[in-house]
$ cat protein.cif   # mmCIF, C-alpha atoms
data_upload
loop_
_atom_site.label_atom_id
_atom_site.label_comp_id
_atom_site.auth_asym_id
_atom_site.auth_seq_id
_atom_site.Cartn_x
_atom_site.Cartn_y
_atom_site.Cartn_z
CA MET X 1 3.40 -13.56 34.59
CA SER X 2 -0.11 -14.42 33.58
CA LEU X 3 -1.41 -17.44 35.43
CA PRO X 4 -3.56 -19.36 34.96
CA ASP X 5 -4.46 -18.73 31.36
CA ALA X 6 -2.76 -16.15 29.17
CA THR X 7 -5.81 -15.76 26.99
CA VAL X 8 -8.13 -14.57 29.77
CA GLU X 9 -8.26 -10.82 30.16
CA LYS X 10 -7.63 -9.55 33.64
CA PRO X 11 -10.40 -7.49 35.22
CA ALA X 12 -9.56 -3.93 36.24
CA ALA X 13 -9.50 -4.54 39.97
CA GLU X 14 -7.87 -7.76 41.06
CA ARG X 15 -8.98 -9.67 44.10
CA ARG X 16 -5.91 -11.60 45.09
CA LEU X 17 -5.97 -14.55 47.42
CA THR X 18 -3.42 -17.06 48.65
CA ILE X 19 -4.08 -20.72 47.80
CA ALA X 20 -4.98 -21.28 51.48
CA LYS X 21 -7.71 -18.64 51.34
CA ALA X 22 -8.91 -19.81 47.94
CA MET X 23 -9.34 -23.36 49.24
CA SER X 24 -11.19 -22.16 52.36
CA GLU X 25 -13.46 -19.94 50.31
CA ALA X 26 -14.29 -22.74 47.89
CA ILE X 27 -15.11 -25.20 50.67
CA GLY X 28 -17.20 -22.58 52.51
CA GLN X 29 -19.19 -21.64 49.43
CA GLU X 30 -19.86 -25.28 48.64
CA MET X 31 -20.95 -25.94 52.25
CA GLU X 32 -23.45 -23.10 51.90
CA ARG X 33 -24.74 -24.41 48.60
CA ASP X 34 -24.87 -28.09 49.54
CA PRO X 35 -25.79 -29.25 53.07
CA SER X 36 -24.22 -32.67 52.46
CA VAL X 37 -20.70 -31.19 52.40
CA LEU X 38 -18.66 -31.39 55.61
CA VAL X 39 -14.99 -31.16 56.60
CA MET X 40 -12.92 -33.43 58.85
CA GLY X 41 -9.30 -33.56 59.89
CA GLU X 42 -6.69 -32.72 62.47
CA ASP X 43 -6.74 -29.08 63.62
CA ILE X 44 -9.13 -28.06 60.85
CA GLY X 45 -11.69 -26.69 63.34
CA LYS X 46 -10.84 -23.75 65.58
CA MET X 47 -7.32 -23.56 64.20
CA GLY X 48 -8.51 -23.38 60.59
CA GLY X 49 -6.04 -26.00 59.40
CA VAL X 50 -2.28 -26.02 59.84
CA PHE X 51 -2.06 -24.91 56.20
CA GLY X 52 -5.00 -22.51 56.40
CA THR X 53 -7.29 -24.68 54.30
CA THR X 54 -10.36 -24.28 56.52
CA THR X 55 -9.92 -20.71 57.78
CA GLY X 56 -13.18 -19.32 59.17
CA LEU X 57 -15.27 -22.42 58.46
CA PHE X 58 -15.62 -23.57 62.09
CA GLU X 59 -16.98 -20.16 63.15
CA LYS X 60 -19.43 -20.16 60.27
CA PHE X 61 -20.66 -23.75 60.16
CA GLY X 62 -19.96 -25.12 63.65
CA ALA X 63 -18.49 -28.30 65.07
CA GLU X 64 -21.06 -30.59 63.44
CA ARG X 65 -19.90 -29.82 59.89
CA VAL X 66 -16.30 -28.83 60.62
CA ARG X 67 -15.04 -31.74 62.68
CA ASP X 68 -11.73 -31.83 64.47
CA THR X 69 -10.60 -35.43 64.63
CA PRO X 70 -8.20 -37.39 66.80
CA ILE X 71 -4.77 -38.12 65.32
CA SER X 72 -5.96 -41.25 63.59
CA GLU X 73 -6.00 -40.99 59.82
CA THR X 74 -7.01 -44.65 59.75
CA ALA X 75 -10.23 -43.79 61.56
CA PHE X 76 -11.35 -40.51 60.07
CA ILE X 77 -10.45 -41.25 56.45
CA GLY X 78 -12.15 -44.62 56.77
CA ALA X 79 -15.17 -42.81 58.24
CA ALA X 80 -15.17 -40.41 55.29
CA VAL X 81 -15.42 -43.29 52.83
CA GLY X 82 -18.48 -44.55 54.71
CA MET X 83 -20.01 -41.07 54.79
CA ALA X 84 -19.47 -40.73 51.04
CA ALA X 85 -21.21 -44.05 50.47
CA SER X 86 -24.24 -42.91 52.45
CA GLY X 87 -24.99 -39.57 50.84
CA LEU X 88 -22.57 -37.09 52.36
CA ARG X 89 -19.76 -35.28 50.56
CA PRO X 90 -16.86 -35.21 53.02
CA VAL X 91 -13.73 -33.13 52.51
CA VAL X 92 -10.98 -34.64 54.67
CA GLU X 93 -7.50 -33.35 55.29
CA LEU X 94 -4.51 -35.66 55.45
CA MET X 95 -2.18 -33.09 56.96
CA PHE X 96 0.94 -34.39 55.19
CA VAL X 97 0.74 -36.76 52.23
CA ASP X 98 3.71 -38.53 53.83
CA PHE X 99 1.29 -40.00 56.39
CA PHE X 100 -0.66 -41.93 53.74
CA GLY X 101 0.70 -45.26 54.98
CA VAL X 102 -1.73 -45.57 57.88
CA CYS X 103 -4.83 -44.81 55.79
CA MET X 104 -4.00 -46.16 52.34
CA ASP X 105 -6.36 -49.11 52.62
CA ALA X 106 -9.28 -46.73 53.05
CA ILE X 107 -8.04 -44.62 50.15
CA TYR X 108 -7.15 -47.11 47.45
CA ASN X 109 -8.96 -50.31 48.42
CA LEU X 110 -12.18 -48.68 49.63
CA ALA X 111 -12.60 -45.18 48.16
CA ALA X 112 -10.94 -45.74 44.80
CA LYS X 113 -12.75 -49.02 44.10
CA GLN X 114 -16.19 -48.31 45.58
CA SER X 115 -17.86 -47.33 42.34
CA TYR X 116 -16.21 -50.10 40.32
CA PHE X 117 -16.96 -52.87 42.82
CA SER X 118 -20.60 -51.86 43.16
CA GLY X 119 -21.19 -51.72 39.42
CA GLY X 120 -21.60 -47.97 39.68
CA LYS X 121 -24.38 -48.24 42.29
CA ILE X 122 -22.40 -46.60 45.10
CA SER X 123 -20.21 -43.65 44.31
CA CYS X 124 -17.57 -42.12 46.55
CA PRO X 125 -17.83 -38.34 46.42
CA MET X 126 -15.04 -37.47 48.84
CA VAL X 127 -12.14 -35.04 48.60
CA LEU X 128 -8.89 -35.85 50.33
CA MET X 129 -6.86 -32.67 50.57
CA THR X 130 -3.23 -33.10 51.49
CA SER X 131 -0.05 -31.05 51.65
CA VAL X 132 2.94 -31.98 49.50
CA GLY X 133 6.45 -30.73 48.89
CA GLY X 134 9.61 -29.80 50.71
CA GLY X 135 12.15 -27.05 50.59
CA TYR X 136 11.73 -25.85 54.17
CA GLY X 137 13.94 -28.31 56.06
CA ASP X 138 11.29 -30.59 57.51
CA ALA X 139 12.93 -33.86 56.52
CA GLY X 140 11.96 -36.99 54.66
CA GLN X 141 8.62 -37.72 56.30
CA HIS X 142 7.18 -34.18 55.91
CA SER X 143 8.51 -33.15 52.50
CA GLN X 144 7.48 -35.70 49.91
CA CYS X 145 5.18 -35.23 46.95
CA LEU X 146 4.14 -38.78 46.01
CA TYR X 147 2.33 -37.57 42.88
CA ALA X 148 3.12 -40.78 41.04
CA THR X 149 2.09 -42.98 43.96
CA PHE X 150 -1.44 -41.60 43.83
CA GLY X 151 -1.56 -41.03 40.07
CA HIS X 152 -0.69 -44.69 39.53
CA LEU X 153 -3.79 -46.09 41.24
CA PRO X 154 -6.97 -46.31 39.18
CA GLY X 155 -10.25 -44.98 40.54
CA MET X 156 -9.02 -41.68 41.91
CA LYS X 157 -8.60 -38.26 40.38
CA VAL X 158 -5.53 -36.34 41.51
CA VAL X 159 -5.17 -32.57 41.16
CA ILE X 160 -2.61 -29.97 42.20
CA PRO X 161 -3.06 -26.21 41.69
CA SER X 162 -0.15 -23.85 41.10
CA ASN X 163 -2.12 -20.72 41.99
CA ALA X 164 -5.11 -19.48 43.99
CA HIS X 165 -7.43 -19.08 40.98
CA ASP X 166 -6.99 -22.72 40.00
CA ALA X 167 -7.11 -23.87 43.63
CA LYS X 168 -10.61 -22.48 44.06
CA GLY X 169 -11.92 -23.75 40.73
CA LEU X 170 -10.38 -27.18 41.19
CA MET X 171 -11.72 -27.47 44.74
CA LEU X 172 -15.27 -26.70 43.57
CA SER X 173 -14.89 -29.29 40.80
CA ALA X 174 -13.46 -31.81 43.27
CA ILE X 175 -16.29 -31.48 45.80
CA ARG X 176 -18.94 -31.84 43.07
CA ASP X 177 -17.22 -34.88 41.54
CA ASP X 178 -18.79 -38.23 42.39
CA ASN X 179 -15.37 -39.89 42.43
CA PRO X 180 -12.72 -39.61 45.14
CA VAL X 181 -10.43 -36.69 44.36
CA ILE X 182 -6.99 -36.31 45.90
CA PHE X 183 -6.47 -32.56 46.15
CA MET X 184 -2.75 -31.93 46.64
CA PHE X 185 -1.52 -28.49 47.64
CA HIS X 186 2.14 -27.52 47.69
CA LYS X 187 3.43 -26.04 50.94
CA ALA X 188 5.71 -23.59 49.13
CA LEU X 189 2.68 -22.04 47.39
CA GLN X 190 0.18 -22.10 50.20
CA GLY X 191 0.58 -18.55 51.45
CA MET X 192 1.45 -19.53 55.00
CA GLY X 193 4.24 -17.25 56.16
CA TRP X 194 6.20 -19.88 58.05
CA LEU X 195 6.72 -21.81 54.82
CA GLY X 196 7.57 -18.91 52.53
CA THR X 197 5.37 -18.27 49.52
CA VAL X 198 6.04 -18.00 45.81
CA ALA X 199 4.49 -14.66 44.79
CA GLY X 200 3.08 -16.04 41.54
CA SER X 201 0.77 -18.38 43.44
CA ILE X 202 -1.17 -15.38 44.80
CA ASN X 203 -3.39 -14.22 41.96
CA ASP X 204 -6.77 -12.86 40.97
CA THR X 205 -9.46 -15.15 42.31
CA PRO X 206 -13.10 -14.31 41.61
CA GLU X 207 -15.53 -14.41 44.53
CA SER X 208 -18.11 -15.99 42.25
CA ASP X 209 -18.68 -19.67 41.70
CA TYR X 210 -16.54 -21.09 38.85
CA LEU X 211 -15.08 -24.45 37.95
CA VAL X 212 -11.60 -25.34 36.73
CA PRO X 213 -12.15 -28.66 34.97
CA ILE X 214 -10.34 -31.71 36.33
CA GLY X 215 -8.19 -33.31 33.63
CA LYS X 216 -7.30 -30.17 31.69
CA ALA X 217 -3.77 -28.78 31.67
CA SER X 218 -3.07 -25.10 31.10
CA ILE X 219 -0.48 -23.46 28.89
CA VAL X 220 0.80 -20.71 31.16
CA ARG X 221 3.47 -19.43 28.79
CA GLU X 222 3.60 -19.82 25.05
CA GLY X 223 6.89 -20.55 23.33
CA SER X 224 8.38 -22.20 20.27
CA ASP X 225 11.71 -23.77 21.26
CA ILE X 226 10.96 -26.25 24.04
CA THR X 227 8.02 -27.54 26.05
CA ILE X 228 8.53 -27.56 29.82
CA VAL X 229 5.89 -29.49 31.75
CA GLY X 230 5.55 -28.74 35.44
CA LEU X 231 3.01 -28.90 38.24
CA GLY X 232 2.55 -27.07 41.53
CA ALA X 233 5.79 -25.38 42.56
CA THR X 234 7.81 -26.40 39.51
CA VAL X 235 5.50 -24.32 37.27
CA HIS X 236 6.83 -21.20 38.96
CA GLN X 237 10.42 -22.41 38.74
CA ALA X 238 9.93 -23.03 35.03
CA LEU X 239 8.46 -19.54 34.57
CA THR X 240 11.50 -17.99 36.24
CA ALA X 241 13.82 -20.11 34.09
CA ALA X 242 11.88 -19.09 30.98
CA GLU X 243 12.39 -15.41 31.74
CA ASN X 244 16.15 -15.93 31.87
CA LEU X 245 16.13 -18.10 28.75
CA ALA X 246 14.18 -15.44 26.86
CA LYS X 247 17.03 -12.99 27.40
CA THR X 248 19.13 -15.08 25.06
CA GLY X 249 16.35 -15.74 22.57
CA ILE X 250 15.14 -19.12 23.82
CA ASN X 251 11.34 -19.23 24.04
CA ALA X 252 10.03 -21.91 26.34
CA GLU X 253 6.41 -23.04 26.35
CA ILE X 254 5.25 -23.99 29.83
CA ILE X 255 2.44 -26.39 30.65
CA ASP X 256 0.89 -26.45 34.12
CA LEU X 257 -0.55 -29.96 34.43
CA ARG X 258 -3.11 -28.94 37.11
CA THR X 259 -4.36 -32.55 37.09
CA ILE X 260 -2.13 -35.60 37.54
CA ALA X 261 -4.88 -38.15 36.96
CA PRO X 262 -6.45 -38.17 34.47
CA LEU X 263 -3.42 -36.81 32.64
CA ASP X 264 -4.08 -34.32 29.82
CA ARG X 265 -1.81 -35.99 27.29
CA GLU X 266 -3.37 -34.18 24.32
CA THR X 267 -2.17 -30.77 25.46
CA ILE X 268 1.34 -32.16 25.98
CA PHE X 269 1.37 -33.91 22.58
CA ALA X 270 0.29 -30.75 20.79
CA SER X 271 2.91 -28.64 22.50
CA ALA X 272 5.78 -31.13 22.08
CA SER X 273 4.84 -31.53 18.41
CA LYS X 274 5.07 -27.77 17.99
CA THR X 275 8.32 -27.15 19.86
CA GLY X 276 10.09 -30.45 19.14
CA ARG X 277 11.66 -30.59 22.59
CA LEU X 278 10.34 -31.77 25.95
CA LEU X 279 11.50 -31.37 29.54
CA VAL X 280 9.36 -32.53 32.47
CA VAL X 281 10.07 -31.08 35.91
CA ASP X 282 8.58 -32.36 39.14
CA ASP X 283 9.69 -32.58 42.75
CA ASP X 284 8.62 -36.17 43.38
CA TYR X 285 11.12 -39.04 43.24
CA LEU X 286 12.58 -39.56 39.77
CA SER X 287 11.99 -43.22 38.96
CA PHE X 288 8.55 -44.40 37.82
CA GLY X 289 7.41 -40.80 38.11
CA ILE X 290 5.39 -38.20 36.25
CA GLY X 291 8.32 -37.43 33.99
CA ALA X 292 8.62 -41.07 32.99
CA GLU X 293 4.90 -41.33 32.27
CA ILE X 294 4.78 -38.18 30.18
CA ILE X 295 7.91 -38.97 28.19
CA ALA X 296 6.74 -42.53 27.52
CA SER X 297 3.34 -41.24 26.41
CA VAL X 298 4.92 -38.74 24.02
CA CYS X 299 7.29 -41.34 22.58
CA GLU X 300 4.39 -43.74 22.04
CA ALA X 301 2.12 -41.18 20.42
CA LEU X 302 4.18 -38.89 18.22
CA PRO X 303 4.99 -40.21 14.75
CA ASP X 304 8.30 -38.37 14.48
CA PRO X 305 11.12 -38.24 17.00
CA LEU X 306 11.75 -35.01 18.86
CA LYS X 307 14.74 -32.82 17.98
CA CYS X 308 16.62 -34.09 21.04
CA PRO X 309 15.91 -36.82 23.59
CA PRO X 310 13.13 -35.80 26.02
CA GLN X 311 14.40 -35.24 29.54
CA ARG X 312 13.19 -34.99 33.12
CA ILE X 313 14.26 -33.27 36.30
CA ALA X 314 13.02 -34.64 39.64
CA HIS X 315 14.26 -35.43 43.12
CA PRO X 316 16.74 -38.34 42.97
CA ASP X 317 15.71 -41.70 44.41
CA ILE X 318 16.78 -41.09 47.99
CA PRO X 319 14.81 -39.78 50.99
CA ILE X 320 14.56 -35.99 51.07
CA PRO X 321 17.40 -34.69 53.27
CA PHE X 322 16.77 -32.66 56.41
CA THR X 323 19.65 -30.25 56.11
CA PRO X 324 18.72 -27.33 53.82
CA VAL X 325 22.05 -27.40 51.98
CA MET X 326 21.52 -30.98 50.86
CA GLU X 327 17.78 -30.57 50.32
CA HIS X 328 18.14 -27.59 47.98
CA PHE X 329 21.02 -29.29 46.19
CA LEU X 330 18.63 -32.09 45.23
CA LEU X 331 15.27 -30.34 44.67
CA PRO X 332 14.48 -28.85 41.26
CA ASP X 333 14.85 -25.09 40.90
CA ALA X 334 14.90 -22.42 38.19
CA GLY X 335 18.67 -22.61 37.76
CA LYS X 336 18.63 -26.36 37.19
CA ILE X 337 15.82 -26.00 34.66
CA GLU X 338 17.60 -23.21 32.80
CA GLY X 339 20.85 -25.17 32.67
CA ARG X 340 19.15 -28.31 31.42
CA VAL X 341 17.28 -26.42 28.70
CA ARG X 342 20.48 -24.79 27.48
CA ALA X 343 22.17 -28.19 27.39
CA MET X 344 19.26 -29.67 25.46
CA LEU X 345 19.55 -26.87 22.91
CA GLY X 346 23.26 -27.56 22.55
CA GLU X 347 24.50 -24.51 24.40
CA ASN X 348 27.49 -24.61 26.71
CA THR X 349 26.54 -23.65 30.25
CA MET Y 1 -2.62 9.13 52.41
CA SER Y 2 -3.79 6.34 54.73
CA ASP Y 3 -1.48 4.24 56.86
CA ILE Y 4 -1.72 0.45 56.80
CA VAL Y 5 -1.57 -0.60 60.43
CA VAL Y 6 -1.07 -3.94 62.15
CA PRO Y 7 -4.36 -4.71 63.98
CA GLN Y 8 -4.57 -4.49 67.77
CA GLY Y 9 -5.95 -7.03 70.21
CA GLN Y 10 -6.20 -10.03 67.89
CA TRP Y 11 -3.49 -12.11 69.55
CA GLU Y 12 -1.79 -12.34 72.94
CA ALA Y 13 0.84 -9.75 73.81
CA ASP Y 14 3.57 -12.36 74.29
CA GLN Y 15 3.03 -13.94 70.86
CA GLU Y 16 5.40 -12.97 68.06
CA ALA Y 17 3.80 -11.78 64.83
CA ALA Y 18 5.43 -11.58 61.40
CA LEU Y 19 4.31 -10.02 58.16
CA SER Y 20 3.89 -13.15 56.06
CA ASN Y 21 2.62 -11.95 52.67
CA TRP Y 22 2.03 -8.82 50.69
CA LEU Y 23 -0.70 -9.80 48.25
CA TYR Y 24 0.06 -6.76 46.08
CA GLY Y 25 3.37 -5.22 45.10
CA ASP Y 26 4.81 -1.81 45.90
CA GLY Y 27 3.27 0.76 43.54
CA GLU Y 28 0.27 -1.37 42.56
CA THR Y 29 -3.27 -0.04 42.67
CA VAL Y 30 -5.54 -1.61 45.26
CA GLN Y 31 -9.23 -1.26 46.05
CA GLU Y 32 -10.53 -0.34 49.50
CA GLY Y 33 -11.28 -3.42 51.61
CA VAL Y 34 -9.21 -5.99 49.74
CA THR Y 35 -6.69 -7.93 51.82
CA VAL Y 36 -3.33 -6.34 51.09
CA ALA Y 37 -1.21 -8.23 53.60
CA GLU Y 38 -1.34 -11.14 55.99
CA ILE Y 39 0.18 -11.43 59.43
CA MET Y 40 1.21 -14.84 60.76
CA VAL Y 41 1.09 -15.56 64.48
CA GLU Y 42 2.08 -19.08 65.47
CA LYS Y 43 0.71 -20.67 62.30
CA THR Y 44 -2.53 -18.65 62.36
CA SER Y 45 -2.95 -15.91 59.80
CA PHE Y 46 -4.63 -12.51 60.19
CA GLU Y 47 -5.63 -10.23 57.34
CA ILE Y 48 -4.93 -6.53 56.91
CA PRO Y 49 -7.48 -4.82 54.64
CA ALA Y 50 -6.69 -1.78 52.49
CA PRO Y 51 -8.04 1.27 54.40
CA THR Y 52 -8.78 3.09 51.16
CA SER Y 53 -8.30 2.78 47.39
CA GLY Y 54 -5.08 3.99 45.82
CA THR Y 55 -1.44 3.19 45.25
CA LEU Y 56 0.26 0.83 47.67
CA ALA Y 57 3.55 1.83 49.29
CA ILE Y 58 5.28 -0.93 51.27
CA THR Y 59 7.59 -0.04 54.14
CA VAL Y 60 7.92 -3.35 56.01
CA ALA Y 61 9.16 -6.35 54.05
CA GLU Y 62 7.80 -9.89 54.18
CA ASP Y 63 9.08 -12.09 57.02
CA GLU Y 64 9.81 -9.12 59.30
CA VAL Y 65 8.52 -9.18 62.87
CA VAL Y 66 5.72 -6.68 63.52
CA VAL Y 67 3.79 -5.47 66.58
CA PRO Y 68 0.16 -4.34 66.94
CA GLY Y 69 -0.29 -0.71 65.93
CA GLN Y 70 2.81 -0.66 63.75
CA VAL Y 71 2.59 1.07 60.37
CA VAL Y 72 3.71 -1.36 57.66
CA GLY Y 73 2.83 0.68 54.57
CA SER Y 74 0.44 3.23 53.19
CA ILE Y 75 -2.06 3.92 50.42
CA GLN Y 76 -1.57 7.11 48.44
#
$ encode --input "protein.cif" --output "structure tokens"
Amino acid sequence: MSLPDATVEKPAAERRLTIAKAMSEAIGQEMERDPSVLVMGEDIGKMGGVFGTTTGLFEKFGAERVRDTPISETAFIGAAVGMAASGLRPVVELMFVDFFGVCMDAIYNLAAKQSYFSGGKISCPMVLMTSVGGGYGDAGQHSQCLYATFGHLPGMKVVIPSNAHDAKGLMLSAIRDDNPVIFMFHKALQGMGWLGTVAGSINDTPESDYLVPIGKASIVREGSDITIVGLGATVHQALTAAENLAKTGINAEIIDLRTIAPLDRETIFASASKTGRLLVVDDDYLSFGIGAEIIASVCEALPDPLKCPPQRIAHPDIPIPFTPVMEHFLLPDAGKIEGRVRAMLGENT
Amino acid sequence: MSDIVVPQGQWEADQEAALSNWLYGDGETVQEGVTVAEIMVEKTSFEIPAPTSGTLAITVAEDEVVVPGQVVGSIQ
């Protein structure tokens, strides 16, 4: 497996990090470089973040720049918008994206529209980092993804890394961006033991300063028979499915979106044109989702129809179940992807 | 050969620790000082650095409970 970019040669000695450590390192390096950067959120101080996103920052930068907040997303995310308007670059953690309801006014009516409403005079350089995804039996208000909910609203950039290398580069890009950036991280990839971790998310992550551009997808596996588009955890599921498909001569090309908004349609168009088949896999709710947007975009743009109807796999339109048996029955996985690809290619499964 | 040992004195004696991640696989080459594994104690993670450069041998699998001073692998 060669994330994030098959064309980049690996250095001799790898320095592997989890996504949690990569995010902490990026924030810490940016705080050193730029005194206007600060972090706020619940348990992000001494504890280092429930998902390890701020490990070591409190000890290094102190309580003034690494601020533990009360359990009021309404208050501290609203405060971050004000800070961003007055010259600071806050990074705030919304512990679970599922909690967006109590702070959405600050996010999409204030942060997302600040630059537009002020004629570009006041920007909103804030990063909202937030955990997404289920699979660990934490029920319907701690397991959602809501990619489409955030991707749908103009004025915000939305990113999600599938591996530590991209997490660091995307975080540095996000903090330096003058627009609000929603930085989603998937719990199954975070590298926190109590959530399990997909091994492929832990990869070589340079200590140096580098940027992964927002708005650019990555082809993580080249293939000729079908394009599979994934993001976050589903990239790894697609890679596993592709290994099994390759055993019977089916070569899948896999795109890691990396950014939800703005969506890198060009990379998807080029790949779907080449392979002639398209499957989109995400773990958000199915309807009005990323799959729908990508398939509609491809159908609008490509002059010729694909070899078979484009398809999508996502979580069905019901709340995510608590019981693991039901939850895993509904969430995407490598087996479901493999089966769907074989069906699309006309194979009996 | 150098043993990879769970650190002592970093968490309370009554707290349960588990080996959460191996960042490198069995048989892979690692450099001295890189984090080879992480220990999770009540949602806080602790790092175990490679004591020397060489080939990693893993003896304790991910998700297993570990105690301070325990040998979880070695570098050869």
$ resolve_selection --input "protein.cif" --expression "the PyMOL selection byres ((chain X) within 9 of (chain Y))" --output "ChimeraX atom specification"
/X:13-18,47-52,55,191-194,196-197,199,202-203
$ resolve_selection --input "protein.cif" --expression "the PyMOL selection byres ((chain Y and resi 2) around 7)" --output "list in words"
Met1, Asp3, Ile4, Pro51, Thr52, Ser74, Ile75 and Gln76 of chain Y
$ write_last_selection --input "protein.cif" --atoms "C-alpha atoms" --output "compact mmCIF listing (two decimals), in the frame of the given file"
# COMPACT_ATOMS: atom_id res chain seq x y z
CA MET Y 1 -2.62 9.13 52.41
CA ASP Y 3 -1.48 4.24 56.86
CA ILE Y 4 -1.72 0.45 56.80
CA PRO Y 51 -8.04 1.27 54.40
CA THR Y 52 -8.78 3.09 51.16
CA SER Y 74 0.44 3.23 53.19
CA ILE Y 75 -2.06 3.92 50.42
CA GLN Y 76 -1.57 7.11 48.44
$ atom_distance --input "protein.cif" --atom1 "CA of Asp34 (chain X)" --atom2 "CA of Met83 (chain X)"
14.8 Å
$ residues_around --input "protein.cif" --residues "Val235 (chain X)" --least-positions-apart "2" --cutoff "9 Å" --atoms "all atoms listed in the file" --output "PDB file with C-alpha atoms, keeping the file's coordinate frame"
ATOM      1  CA  SER X 162      -0.150 -23.850  41.100  1.00  0.00           C
ATOM      2  CA  VAL X 220       0.800 -20.710  31.160  1.00  0.00           C
ATOM      3  CA  ILE X 228       8.530 -27.560  29.820  1.00  0.00           C
ATOM      4  CA  VAL X 229       5.890 -29.490  31.750  1.00  0.00           C
ATOM      5  CA  GLY X 230       5.550 -28.740  35.440  1.00  0.00           C
ATOM      6  CA  LEU X 231       3.010 -28.900  38.240  1.00  0.00           C
ATOM      7  CA  GLY X 232       2.550 -27.070  41.530  1.00  0.00           C
ATOM      8  CA  ALA X 233       5.790 -25.380  42.560  1.00  0.00           C
ATOM      9  CA  GLN X 237      10.420 -22.410  38.740  1.00  0.00           C
ATOM     10  CA  ALA X 238       9.930 -23.030  35.030  1.00  0.00           C
ATOM     11  CA  LEU X 239       8.460 -19.540  34.570  1.00  0.00           C
ATOM     12  CA  THR X 240      11.500 -17.990  36.240  1.00  0.00           C
ATOM     13  CA  ILE X 254       5.250 -23.990  29.830  1.00  0.00           C
ATOM     14  CA  ILE X 255       2.440 -26.390  30.650  1.00  0.00           C
ATOM     15  CA  ASP X 256       0.890 -26.450  34.120  1.00  0.00           C
ATOM     16  CA  LEU X 257      -0.550 -29.960  34.430  1.00  0.00           C
ATOM     17  CA  VAL X 281      10.070 -31.080  35.910  1.00  0.00           C
ATOM     18  CA  ASP X 282       8.580 -32.360  39.140  1.00  0.00           C
TER      19      ASP X 282
END
$ resolve_selection --input "protein.cif" --expression "the PyMOL selection byres ((chain Y and resi 58-61) around 6)" --output "ChimeraX atom specification"
/Y:26,57,62,64,72-73
$ atom_distance --input "protein.cif" --atom1 "CA of Asp98 (chain X)" --atom2 "CA of Asp166 (chain X)"
23.6 Å
$ residues_around --input "protein.cif" --residues "Val5 (chain Y)" --least-positions-apart "5" --cutoff "8 Å" --atoms "all atoms listed in the file" --output "number ranges by chain"
Y: 48, 68-73
$ residues_around --input "protein.cif" --residues "Glu347 (chain X)" --least-positions-apart "6" --cutoff "12 Å" --atoms "all atoms listed in the file" --output "list in words"
Leu245, Thr248, Ile250, Glu338, Gly339, Arg340 and Val341 of chain X
$ atom_distance --input "protein.cif" --atom1 "CA of Thr323 (chain X)" --atom2 "CA of Ala139 (chain X)"
7.6 Å
$ residues_around --input "protein.cif" --residues "region 298-300 of chain X" --least-positions-apart "5" --cutoff "10 Å" --atoms "all atoms listed in the file" --output "ChimeraX atom specification"
/X:265-266,268-270,272-273,278,292-293,305-306,309-310
$ residues_around --input "protein.cif" --residues "region 107-119 of chain X" --least-positions-apart "6" --cutoff "7 Å" --atoms "all atoms listed in the file" --output "ChimeraX atom specification"
/X:81,154-156,180
$ closest_residue --input "protein.cif" --among "X:Gly135, X:Leu263, X:Lys121, X:Leu170" --to "Pro332 (chain X)" --atoms "all atoms listed in the file"
X:Gly135
$ axis_aligned_box --input "protein.cif" --around "region 24-39 of chain Y" --padding-each-side "6 Å" --output "lines of an AutoDock Vina configuration file"
center_x = -3.2
center_y = -5.3
center_z = 51.0
size_x = 28.1
size_y = 24.2
size_z = 28.9
$ residues_near_point --input "protein.cif" --point "(9.0, -17.9, 16.7)" --cutoff "10 Å" --atoms "only C-alpha atoms" --output "list of chain:residue names"
X:Gly223, X:Ser224, X:Asp225, X:Gly249, X:Ile250, X:Asn251, X:Thr275
$ closest_residue --input "protein.cif" --among "X:Met95, X:Ile44, X:Val102, X:Leu345" --to "Ala75 (chain X)" --atoms "only C-alpha atoms"
X:Val102
$ closest_residue --input "protein.cif" --among "X:Gly276, X:Pro316, X:Gly134, X:Pro324" --to "Ile226 (chain X)" --atoms "all atoms listed in the file"
X:Gly276
$ residues_near_point --input "protein.cif" --point "(2.9, -10.2, 69.8)" --cutoff "8 Å" --atoms "all atoms listed in the file" --output "list in words"
Trp11, Glu12, Ala13, Asp14, Gln15, Glu16, Ala17, Val41, Val66, Val67 and Pro68 of chain Y
